[in-house]
Amino acid sequence: MLKDAMAGFELYQPTDLDTAIELLSRHGQRAWALAGGYDSLDWFKDRAKSPQVVVDLEGIAELRGIRETDDGIELGSMTTLTDVATHPVVRGRYGLLADAAGRVASPQIRNAGTLGGNVCQDTRCWYYRYGVKCYRAGGNTCYAAATDAMNREHAIFGASRCVAVTPSDTAPALVALDAQMVVRNAGGERVIAAVDFFMEPSVDITRMTVLEPGDVLVAIRIPERWADADHYFEKVSDRASWDFALVSVAAAFRMNGSVVEDARVVCGAVQCVPRRLMAVERIVRGERRTSDLADVAGELAVRGAEPLSYNHFKIPLMENLVKRAVRGA
Ligand SMILES: Cc1cc2nc3c(=O)[nH]c(=O)nc-3n(C[C@H](O)[C@H](O)[C@H](O)COP(=O)(O)OP(=O)(O)OC[C@H]3O[C@@H](n4cnc5c(N)ncnc54)[C@H](O)[C@@H]3O)c2cc1C
Ligand code: SF4
């Protein structure tokens with residue numbers, strides 16, 4: 001594949017949201033919203049995706065920053081991952097999100113990469129990123145599902161023709177915290193629960209989120225309900241620095257003394273969407289976080305897993321991460 005230069009495009013750098021939305025709406029499928037560029041520019045440079053119009057959201061001040069609200073916090077989609085990871089209120093009251101944001105990639109990438117871009121980023125499947133015409137790219141096969149394929153990073157749950165996984169570290173944390181995604185387009189604003197924001201391949205194999213051309217993810221709201229909750233985030237990757245998760249777990253526990261009143265347990269990198277483990281959440285409610293309970297939770301978490309030829313290791317890995325989350329390490 002040629003990688004010497006990327007295809008030209010018209011670049012717009014609006015300083016207000018209405019203009020950005022008008023541009024994205026006017027150019028529809030031809031347009032691309034640009035945030036920090038860490039996913040976008042890879043696609044352009046590899047020539048695997050070549051939009052004719054790029055709308056850079058960088059100059060739009062209203063998309064940045066973290067605000068306390070009557071019911072929790074609101075984070076602008078263009079807030080950098082570093083700002084999310086280090087903000088005193090996020091660190092102090094919503095530590096699960098701070099921990100997850102702080103584990104994304106490297107400090108350099110977190111300094112420019114945004115929270116919105118992190119949840120909207122495309123999958124990292126090698127074949128698809130290389131530009132082959134697989135199902136997700138409009139073709140009629142999945143190269144990663146073949147028995148001799150490079151599929152150790154791929155899904156163990158929820159595959160439907162495509163076996164790619166969500167690569168985002170912040171997405172499982174946002175699902176665990178019952179976040180709400182605020183999306184705006186030329187027709188107005190809609191608010192979508194994080195758990196419904198990510199797209200199953202069985203519904204639309206060409207998109208990772210419910211966003212459509214013309215949509216801008218404006219902000220992410222986290223309700224007060226999970227503020228100050230006990231939390232656990234752990235990500236296992238091949239390398240400790242700038243590497244995507246092989247499996248991650250994001251869990252929040254609202255405690256009444258030593259008893260779990262309510263819980264959210266979500267895994268990343270095991271399915272195309274963050275995998276919420278509702279059966280685990282149910283069995284931990286009303287219980288103490290003991291080793292015995294953790295063993296049951298871990299076993300339940302991986303029930304029904306369907307590994308590919310090279311990713312069986314994800315099953316014990318996920319089981320152990322869920323056990324550790326329930327025990328609290
Ligand atoms: C070497 C490397 C290592 C990495 N490691 C990790 C890792 O360990 N964990 C992890 O989670 N990520 C990792 N990433 C991914 C990186 O963190 C994300 O790609 C980055 O956060 C994307 O954010 P961005 O701001 O750069 O967005 P961009 O790349 O500009 O955008 C990403 C996508 O989101 C869309 N988009 C962005 N913002 C909006 C918005 N507000 N509204 C609508 N659409 C929008 C864009 O159109 C594009 O499709 C890594 C990336 C690299 C290059
Ligand atoms: S896993 Fe999905 S993205 Fe990867 S080759 Fe198969 S269809 Fe394409």
# chains A, B, ... in the order shown; residues from 1 in each chain; ligands from 1
>>> residues_around(residues="region 145-160 of chain A", least_positions_apart="4", cutoff="6 Å", atoms="only C-alpha atoms", output="PyMOL selection string")
chain A and resi 164-165+201-202+246+270-271+305-307+309-311
>>> residues_around(residues="Asp70 (chain A)", least_positions_apart="3", cutoff="10 Å", atoms="only C-alpha atoms", output="PDB file with N, CA, C and O atoms, in the first residue's frame")
ATOM      1  N   ILE A  73     -21.480  15.471  36.414  1.00  0.00           N
ATOM      2  CA  ILE A  73     -20.547  16.300  35.650  1.00  0.00           C
ATOM      3  C   ILE A  73     -20.831  16.165  34.162  1.00  0.00           C
ATOM      4  O   ILE A  73     -21.422  15.178  33.704  1.00  0.00           O
ATOM      5  N   PRO A 223     -23.920  10.899  35.618  1.00  0.00           N
ATOM      6  CA  PRO A 223     -24.833  11.247  36.706  1.00  0.00           C
ATOM      7  C   PRO A 223     -24.188  11.098  38.086  1.00  0.00           C
ATOM      8  O   PRO A 223     -23.269  10.299  38.281  1.00  0.00           O
ATOM      9  N   GLU A 224     -24.723  11.849  39.016  1.00  0.00           N
ATOM     10  CA  GLU A 224     -24.272  11.849  40.412  1.00  0.00           C
ATOM     11  C   GLU A 224     -24.351  10.443  41.040  1.00  0.00           C
ATOM     12  O   GLU A 224     -23.593  10.105  41.943  1.00  0.00           O
TER      13      GLU A 224
END
>>> residues_near_ligand(ligand="ligand 1", cutoff="8 Å", atoms="only C-alpha atoms and all ligand atoms", output="ChimeraX atom specification")
/A:32-42,57,63,77-78,80-81,101,103-106,109-110,112-122,167-171,183,211,215-219,241-245
>>> residues_near_ligand(ligand="ligand 2", cutoff="8 Å", atoms="only C-alpha atoms and all ligand atoms", output="ChimeraX atom specification")
/A:123-129,132-137,141-145,154,161-165,205
>>> closest_residue(among="A:Ala186, A:Val265, A:Val191, A:Met255", to="Ala227 (chain A)", atoms="only C-alpha atoms")
A:Met255
>>> select_by_dssp(residues="region 177-213 of chain A", states="strand (DSSP E or B)", output="VMD selection string")
chain A and resid 180 to 185 188 to 193 198 209
>>> closest_residue(among="A:His312, A:Lys49, A:Arg275, A:Arg221", to="Gly72 (chain A)", atoms="only C-alpha atoms")
A:Arg221
>>> select_by_dssp(residues="region 188-320 of chain A", states="helix (DSSP H, G or I)", output="PyMOL selection string")
chain A and resi 194-197+224-226+278-284+291-301+314-320
>>> write_last_selection(atoms="N, CA, C and O atoms", output="tab-separated table (two decimals), in the first residue's frame")
chain	number	residue	atom	x	y	z
A	194	ALA	N	-24.89	5.65	27.20
A	194	ALA	CA	-23.62	5.10	26.69
A	194	ALA	C	-23.78	3.64	26.28
A	194	ALA	O	-23.21	3.20	25.28
A	195	VAL	N	-24.60	2.90	27.02
A	195	VAL	CA	-24.75	1.48	26.72
A	195	VAL	C	-25.40	1.26	25.34
A	195	VAL	O	-25.22	0.23	24.72
A	196	ASP	N	-26.12	2.29	24.86
A	196	ASP	CA	-26.77	2.19	23.54
A	196	ASP	C	-25.99	2.92	22.46
A	196	ASP	O	-26.43	2.98	21.30
A	197	PHE	N	-24.88	3.55	22.81
A	197	PHE	CA	-24.14	4.39	21.86
A	197	PHE	C	-23.27	3.56	20.91
A	197	PHE	O	-23.02	3.94	19.78
A	224	GLU	N	-24.72	11.85	39.02
A	224	GLU	CA	-24.27	11.85	40.41
A	224	GLU	C	-24.35	10.44	41.04
A	224	GLU	O	-23.59	10.11	41.94
A	225	ARG	N	-25.30	9.63	40.51
A	225	ARG	CA	-25.57	8.29	41.08
A	225	ARG	C	-24.30	7.49	41.38
A	225	ARG	O	-24.21	6.77	42.34
A	226	TRP	N	-23.27	7.63	40.51
A	226	TRP	CA	-22.07	6.82	40.69
A	226	TRP	C	-20.90	7.62	41.27
A	226	TRP	O	-19.78	7.10	41.33
A	278	MET	N	-24.35	-8.09	33.13
A	278	MET	CA	-25.51	-7.90	34.01
A	278	MET	C	-25.71	-9.08	34.96
A	278	MET	O	-26.17	-8.90	36.10
A	279	ALA	N	-25.35	-10.27	34.52
A	279	ALA	CA	-25.50	-11.44	35.41
A	279	ALA	C	-24.56	-11.30	36.61
A	279	ALA	O	-24.92	-11.63	37.75
A	280	VAL	N	-23.37	-10.79	36.36
A	280	VAL	CA	-22.42	-10.57	37.46
A	280	VAL	C	-22.95	-9.49	38.39
A	280	VAL	O	-22.92	-9.63	39.62
A	281	GLU	N	-23.46	-8.42	37.80
A	281	GLU	CA	-24.00	-7.33	38.62
A	281	GLU	C	-25.11	-7.85	39.53
A	281	GLU	O	-25.19	-7.47	40.71
A	282	ARG	N	-25.95	-8.73	38.97
A	282	ARG	CA	-27.07	-9.25	39.77
A	282	ARG	C	-26.59	-10.07	40.97
A	282	ARG	O	-27.07	-9.91	42.07
A	283	ILE	N	-25.58	-10.94	40.72
A	283	ILE	CA	-25.20	-11.82	41.85
A	283	ILE	C	-24.38	-11.11	42.92
A	283	ILE	O	-24.29	-11.59	44.04
A	284	VAL	N	-23.79	-9.96	42.58
A	284	VAL	CA	-23.01	-9.29	43.64
A	284	VAL	C	-23.88	-8.37	44.49
A	284	VAL	O	-23.52	-8.04	45.63
A	291	SER	N	-13.82	-13.55	48.34
A	291	SER	CA	-13.16	-14.37	47.30
A	291	SER	C	-14.13	-15.36	46.69
A	291	SER	O	-14.10	-15.62	45.49
A	292	ASP	N	-15.00	-15.92	47.53
A	292	ASP	CA	-15.96	-16.91	47.01
A	292	ASP	C	-16.90	-16.25	46.00
A	292	ASP	O	-17.18	-16.80	44.93
A	293	LEU	N	-17.38	-15.07	46.36
A	293	LEU	CA	-18.28	-14.35	45.45
A	293	LEU	C	-17.53	-14.02	44.14
A	293	LEU	O	-18.07	-14.17	43.04
A	294	ALA	N	-16.28	-13.61	44.28
A	294	ALA	CA	-15.48	-13.26	43.10
A	294	ALA	C	-15.31	-14.47	42.18
A	294	ALA	O	-15.38	-14.34	40.95
A	295	ASP	N	-15.10	-15.63	42.76
A	295	ASP	CA	-14.94	-16.85	41.94
A	295	ASP	C	-16.20	-17.11	41.11
A	295	ASP	O	-16.13	-17.43	39.93
A	296	VAL	N	-17.33	-17.00	41.77
A	296	VAL	CA	-18.60	-17.23	41.06
A	296	VAL	C	-18.77	-16.18	39.95
A	296	VAL	O	-19.16	-16.48	38.82
A	297	ALA	N	-18.46	-14.93	40.29
A	297	ALA	CA	-18.62	-13.83	39.32
A	297	ALA	C	-17.72	-14.06	38.10
A	297	ALA	O	-18.15	-13.88	36.95
A	298	GLY	N	-16.48	-14.46	38.34
A	298	GLY	CA	-15.54	-14.69	37.23
A	298	GLY	C	-16.03	-15.78	36.31
A	298	GLY	O	-16.01	-15.65	35.08
A	299	GLU	N	-16.51	-16.84	36.92
A	299	GLU	CA	-17.00	-17.97	36.12
A	299	GLU	C	-18.21	-17.57	35.28
A	299	GLU	O	-18.32	-17.88	34.10
A	300	LEU	N	-19.09	-16.80	35.91
A	300	LEU	CA	-20.30	-16.34	35.22
A	300	LEU	C	-19.96	-15.40	34.06
A	300	LEU	O	-20.59	-15.42	33.00
A	301	ALA	N	-18.93	-14.58	34.29
A	301	ALA	CA	-18.56	-13.56	33.30
A	301	ALA	C	-18.22	-14.16	31.94
A	301	ALA	O	-18.51	-13.57	30.90
A	314	LYS	N	-8.02	-15.18	26.15
A	314	LYS	CA	-8.85	-14.08	26.67
A	314	LYS	C	-9.87	-14.58	27.70
A	314	LYS	O	-10.34	-13.81	28.53
A	315	ILE	N	-10.21	-15.87	27.64
A	315	ILE	CA	-11.25	-16.37	28.56
A	315	ILE	C	-10.74	-16.37	30.00
A	315	ILE	O	-11.34	-15.73	30.87
A	316	PRO	N	-9.61	-17.06	30.30
A	316	PRO	CA	-9.12	-16.97	31.69
A	316	PRO	C	-8.70	-15.56	32.09
A	316	PRO	O	-8.83	-15.17	33.26
A	317	LEU	N	-8.24	-14.77	31.10
A	317	LEU	CA	-7.84	-13.39	31.41
A	317	LEU	C	-9.05	-12.58	31.87
A	317	LEU	O	-9.02	-11.90	32.91
A	318	MET	N	-10.13	-12.69	31.13
A	318	MET	CA	-11.34	-11.96	31.50
A	318	MET	C	-11.89	-12.46	32.84
A	318	MET	O	-12.29	-11.68	33.70
A	319	GLU	N	-11.87	-13.78	33.01
A	319	GLU	CA	-12.37	-14.36	34.26
A	319	GLU	C	-11.60	-13.79	35.45
A	319	GLU	O	-12.17	-13.38	36.45
A	320	ASN	N	-10.28	-13.75	35.30
A	320	ASN	CA	-9.46	-13.26	36.41
A	320	ASN	C	-9.64	-11.77	36.66
A	320	ASN	O	-9.65	-11.32	37.81
